[in-house]
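A.B. asks: Got a structure for you, questions after.
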Amino acid sequence: MVTWFPSACLLFTAAACGTLAVVMVINNHRQSTHWAFAGLALNFAVWSLTVYGVVNSDDEASARWHIQLTMVAAAFYPATFYQFIGFFPRGRFDASKWLQTIYWLAVPVFCVGAFIGNWYVAGVQVSPNGPPVFTRGPLFLAYTAICVSTIVAMLANLVSKLRMAAGVDRRQLQHVLLGIFSTALLACGTNLLAPLIATENNLEPYGPVFSLVMIGIFAYSMVRYNLLDLWELYSRTTVYAVITGFVILTFFGSISLVQFVLSGGGQDVRNPVSIVIAAVVIATVLHPLKEHMQLFLDRTILKRRYDIQKLFSRVSANSAHIVRLDQLLEKVATDIADTVGVTDVRVLLLDSTTKTSLVTEFATVPPEDGASTPELGRVVTYLQARPEPIALEHLVRTWSTPEESEIGRILSECDIYLCIPLKPIAGLVGILTLGEKASREMYSQSDIDVLMALAGPLATAIENARLYRKLEEANLHRGRILSTMRGGVIAVDTDGRVTTINQSAVDILGPVTLEQSMETINPAVAQLLKRALNDQRPIIDFEALIVSEAGERIPVTMSASSLSAADGAITGAMVFIYDLTQVKRLEHNVQRADRLSSIGTLAAGMAHEIKNPLVSIKTFTQLMLNRWNDPDFRNTFTEVIPHEVERIDTIVTRLLDFSRPRATQFAPQSISAVVHKVLALVESQTQRRNVTVELEFPEETLEVYGDEQQLHQMFLNLFLNALDALDQTDGGYLRIRAYSDFMHVRRNGMAPLLDVECVKVAVSDTGCGVAPEHVKHLFNPFYTTKENGYGLGLSVVHGIVTEHGGEVDVSSIQGVGTAFTVTLPLARSMTSVED
């Protein structure tokens, strides 16, 4: 009679041990520990099969044969067991080689002795109610002694290794010690102690079953501490085994229940509806069952205390919604630390300057925030070449190159047990490091897979957050620049809504708010912005007068341009407004100083003109007493003296008119009249220096819209500058030519920058000319090439011309002469434009 329960246990044990032996070799055929473990597990499988043969023997001969085979299988135990312990856990043999030799030499002795007479089997008794019972011979005592010595040697070896081990090695050794100790007690009880005390119950068939306890403890240690990295195998096998059983039970249970209901509790009625209902039930609950079973295994057997899907969802959501880098890293790192059960989580990003060192951007240990870690530079180089996770324990066990040894040393010194590269599409941006778990467990492959899955979106989120931080910094930088600028800045979008404005613009224009329409701000500014939007070309140095809310007239210069996106599409326009109040005040002071200098020059020349009529008057007054009675004398006196006095009065009046400051008043002015008045002021100097003045004016009257006094000052400076150049050549020509032309003009910032009719006045001389290196500096204040010059005359000319909305150009050839061309808009042109 076959005893089904011990038979089933033995077959299950043999299948489990045999499967595990094959899996070990397939998983990593290069590890010595794997081969040694596979040999031990295979030894247990063969022993279980031989005991199965004993249990199912029906006669004495068969029972004796199988019992002898059990001795052959058991003969390998001391050698295979001790060999596995010697290679465990590092993969190199660390045990007594002479003991190992003794155990391997004992194998053939016990194998042969098992078949010699009654050395091992003294007698066999077959029972119909249970497994066969046999009497052991003297070989059994020798085998018992070998087994005891093996157990003692293995325990001594493991204890010695345990004293020297640390970390994961220590835990692996503790589990193996537990497995050996528990299995040794059970096996000794069933296969050694029970036969020695001649117990009535035959427990020997259960001896191999107890070895499964040891194999299970070994497997638990290997899975939990990643010794052989078999978590996926165990978890998936268990899950699918449970699901298969559930499907079978549900299918047949549903069919039976439906058929029972349809038959009314009577005879069997076959109905396809029962199959459909069973299929629907299975399809509805199969997936939830699988997920819950996986989670149950994670949390109970292998101590995975977190839901992978929920963790992934939380981190992905935070990565997608949090844009501030510090908040993102704090949220994600804290979540990982709390979920995985680790206290030290750090996010280190590449230094933007060196690109090789790392900076701790966030750490669950606050003092480390912002710390630079140049010692991890080797790790950065390693990860850039191999962007794969680095588990310290795995690296320590398997390193094969000096580089890996160095990486392991660096990670150990920094207390980094797991290093995850943060690598978006562009390249490595940093690393995520985790310290030791609070439970002191190793990081499983599932932990690493989850963190690697999180690393991709996290790295992308970090890149986006860094870009957002750069954008924030750029906006703050721009805000600081705008707030400290003396000039006003206003930007509008294509709809004319204000998008940017600084305080200086508010000070000049009055209250202006964001989103305000440009139509409601100052007309000159609004017109300039419109021009920039419509014409899409820059407008430079556009002068205007802006009236403030208090009624103050503020002179400004404005520059405008359109704004475009990266693809060239126009997104708006901006205008820069600079308050010229101080500049105009300085220009006024410079003009006043230049006027005083000009008055001194004119006074020196006019002294000669006044002296000539004074000589005539003096002569007549001296002769008057002696020749008054002479009628001819009296007639000449009455004709000459009034004329000379009137001449002096005219000269003094001109000088006073020029020197007396008046408020600026723009009105139509005849260019010809202004030029002639100024030439009259310098007439004596042209005569004294033997300078020929040539005038070329059109017949029509050319009027400009300007201030008479400033126009006098402008032409006087040009004429005096030409006379100074001619003074070095002993005579020459001063030519003044006026003609009409067209040009772009600006009139108080209100003109639309169109071509309008202008007058050009060219003042040229045949003097010494100006060297080319000096020409570009002629209009700079206080720049002069004259020994006694002040460098103000031409800068004043430039200021007056600019204020009148015109331009001044200069050309000079050294040794030939110099020509200044002043271009001013005609009064009639400006009137038509403004209308």
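As shown in the structure tokens, the chain order sets the letters A, B, ...; within each chain, residues go from 1, and ligands are also counted from 1 in the order they appear.
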So that I can check the surroundings of range 613-619 of chain A, please list as a PyMOL selection string every protein, DNA and RNA residue that reaches within 6 Å of it, counting only C-alpha atoms and ignoring chain neighbours fewer than 2 positions away.
C.D. replies: chain A and resi 610-611+621-622+641+644
A.B. asks: Just the residues within 9 Å of Cys419 in chain A, please, counting only C-alpha atoms, with nothing from its chain fewer than 4 positions along; format it as JSON, numbers by chain.
C.D. replies: {"A": [388, 389, 390, 391, 392, 411, 431, 432, 433, 434]}
A.B. asks: Write out the residues from the selection above, keeping N, CA and C atoms, as a PDB file, in the first residue's frame.
C.D. replies:
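Below is the file that was written, again-v1.pdb:
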```
ATOM      1  N   GLU A 388      23.707  53.539 -15.444  1.00  0.00           N
ATOM      2  CA  GLU A 388      22.957  52.468 -14.800  1.00  0.00           C
ATOM      3  C   GLU A 388      23.037  52.667 -13.291  1.00  0.00           C
ATOM      4  N   PRO A 389      22.036  52.147 -12.541  1.00  0.00           N
ATOM      5  CA  PRO A 389      22.074  52.294 -11.077  1.00  0.00           C
ATOM      6  C   PRO A 389      23.256  51.538 -10.478  1.00  0.00           C
ATOM      7  N   ILE A 390      23.765  52.043  -9.367  1.00  0.00           N
ATOM      8  CA  ILE A 390      24.885  51.412  -8.660  1.00  0.00           C
ATOM      9  C   ILE A 390      24.404  51.044  -7.265  1.00  0.00           C
ATOM     10  N   ALA A 391      24.324  49.743  -6.984  1.00  0.00           N
ATOM     11  CA  ALA A 391      24.014  49.253  -5.638  1.00  0.00           C
ATOM     12  C   ALA A 391      25.334  48.885  -4.974  1.00  0.00           C
ATOM     13  N   LEU A 392      25.607  49.498  -3.839  1.00  0.00           N
ATOM     14  CA  LEU A 392      26.911  49.322  -3.187  1.00  0.00           C
ATOM     15  C   LEU A 392      27.203  47.855  -2.903  1.00  0.00           C
ATOM     16  N   LEU A 411      31.672  55.414  -2.629  1.00  0.00           N
ATOM     17  CA  LEU A 411      30.302  55.305  -2.143  1.00  0.00           C
ATOM     18  C   LEU A 411      30.276  54.890  -0.678  1.00  0.00           C
ATOM     19  N   ILE A 431      22.469  62.935  -9.638  1.00  0.00           N
ATOM     20  CA  ILE A 431      22.224  61.596  -9.110  1.00  0.00           C
ATOM     21  C   ILE A 431      21.303  61.684  -7.907  1.00  0.00           C
ATOM     22  N   LEU A 432      20.559  60.603  -7.700  1.00  0.00           N
ATOM     23  CA  LEU A 432      19.732  60.428  -6.511  1.00  0.00           C
ATOM     24  C   LEU A 432      20.395  59.348  -5.668  1.00  0.00           C
ATOM     25  N   THR A 433      20.772  59.677  -4.436  1.00  0.00           N
ATOM     26  CA  THR A 433      21.463  58.717  -3.582  1.00  0.00           C
ATOM     27  C   THR A 433      20.612  58.380  -2.373  1.00  0.00           C
ATOM     28  N   LEU A 434      20.667  57.125  -1.952  1.00  0.00           N
ATOM     29  CA  LEU A 434      19.949  56.659  -0.776  1.00  0.00           C
ATOM     30  C   LEU A 434      20.928  55.986   0.161  1.00  0.00           C
TER      31      LEU A 434
END
```
A.B. asks: Might you pull out every residue within 6 Å of range 530-545 of chain A, with only C-alpha atoms counted and same-chain residues fewer than 6 positions away left off, and present them as an NGL selection string?
C.D. replies: :A and (554-562 or 573 or 748-749)
A.B. asks: Restricting the output to C-alpha atoms, write the selected residues as an mmCIF file, in the first residue's frame.
C.D. replies:
```
data_model
loop_
_atom_site.group_PDB
_atom_site.id
_atom_site.type_symbol
_atom_site.label_atom_id
_atom_site.label_comp_id
_atom_site.auth_asym_id
_atom_site.auth_seq_id
_atom_site.Cartn_x
_atom_site.Cartn_y
_atom_site.Cartn_z
ATOM 1 C CA ILE A 554 9.851 117.543 -19.910
ATOM 2 C CA PRO A 555 12.264 117.246 -22.846
ATOM 3 C CA VAL A 556 12.924 113.584 -23.633
ATOM 4 C CA THR A 557 14.623 111.468 -26.235
ATOM 5 C CA MET A 558 12.988 108.190 -27.176
ATOM 6 C CA SER A 559 14.082 105.087 -29.042
ATOM 7 C CA ALA A 560 11.636 102.382 -30.074
ATOM 8 C CA SER A 561 11.782 98.980 -31.717
ATOM 9 C CA SER A 562 9.544 96.021 -32.336
ATOM 10 C CA ALA A 573 7.065 96.845 -29.201
ATOM 11 C CA ASN A 748 9.124 117.810 -31.129
ATOM 12 C CA GLY A 749 8.536 114.088 -31.391
#
```
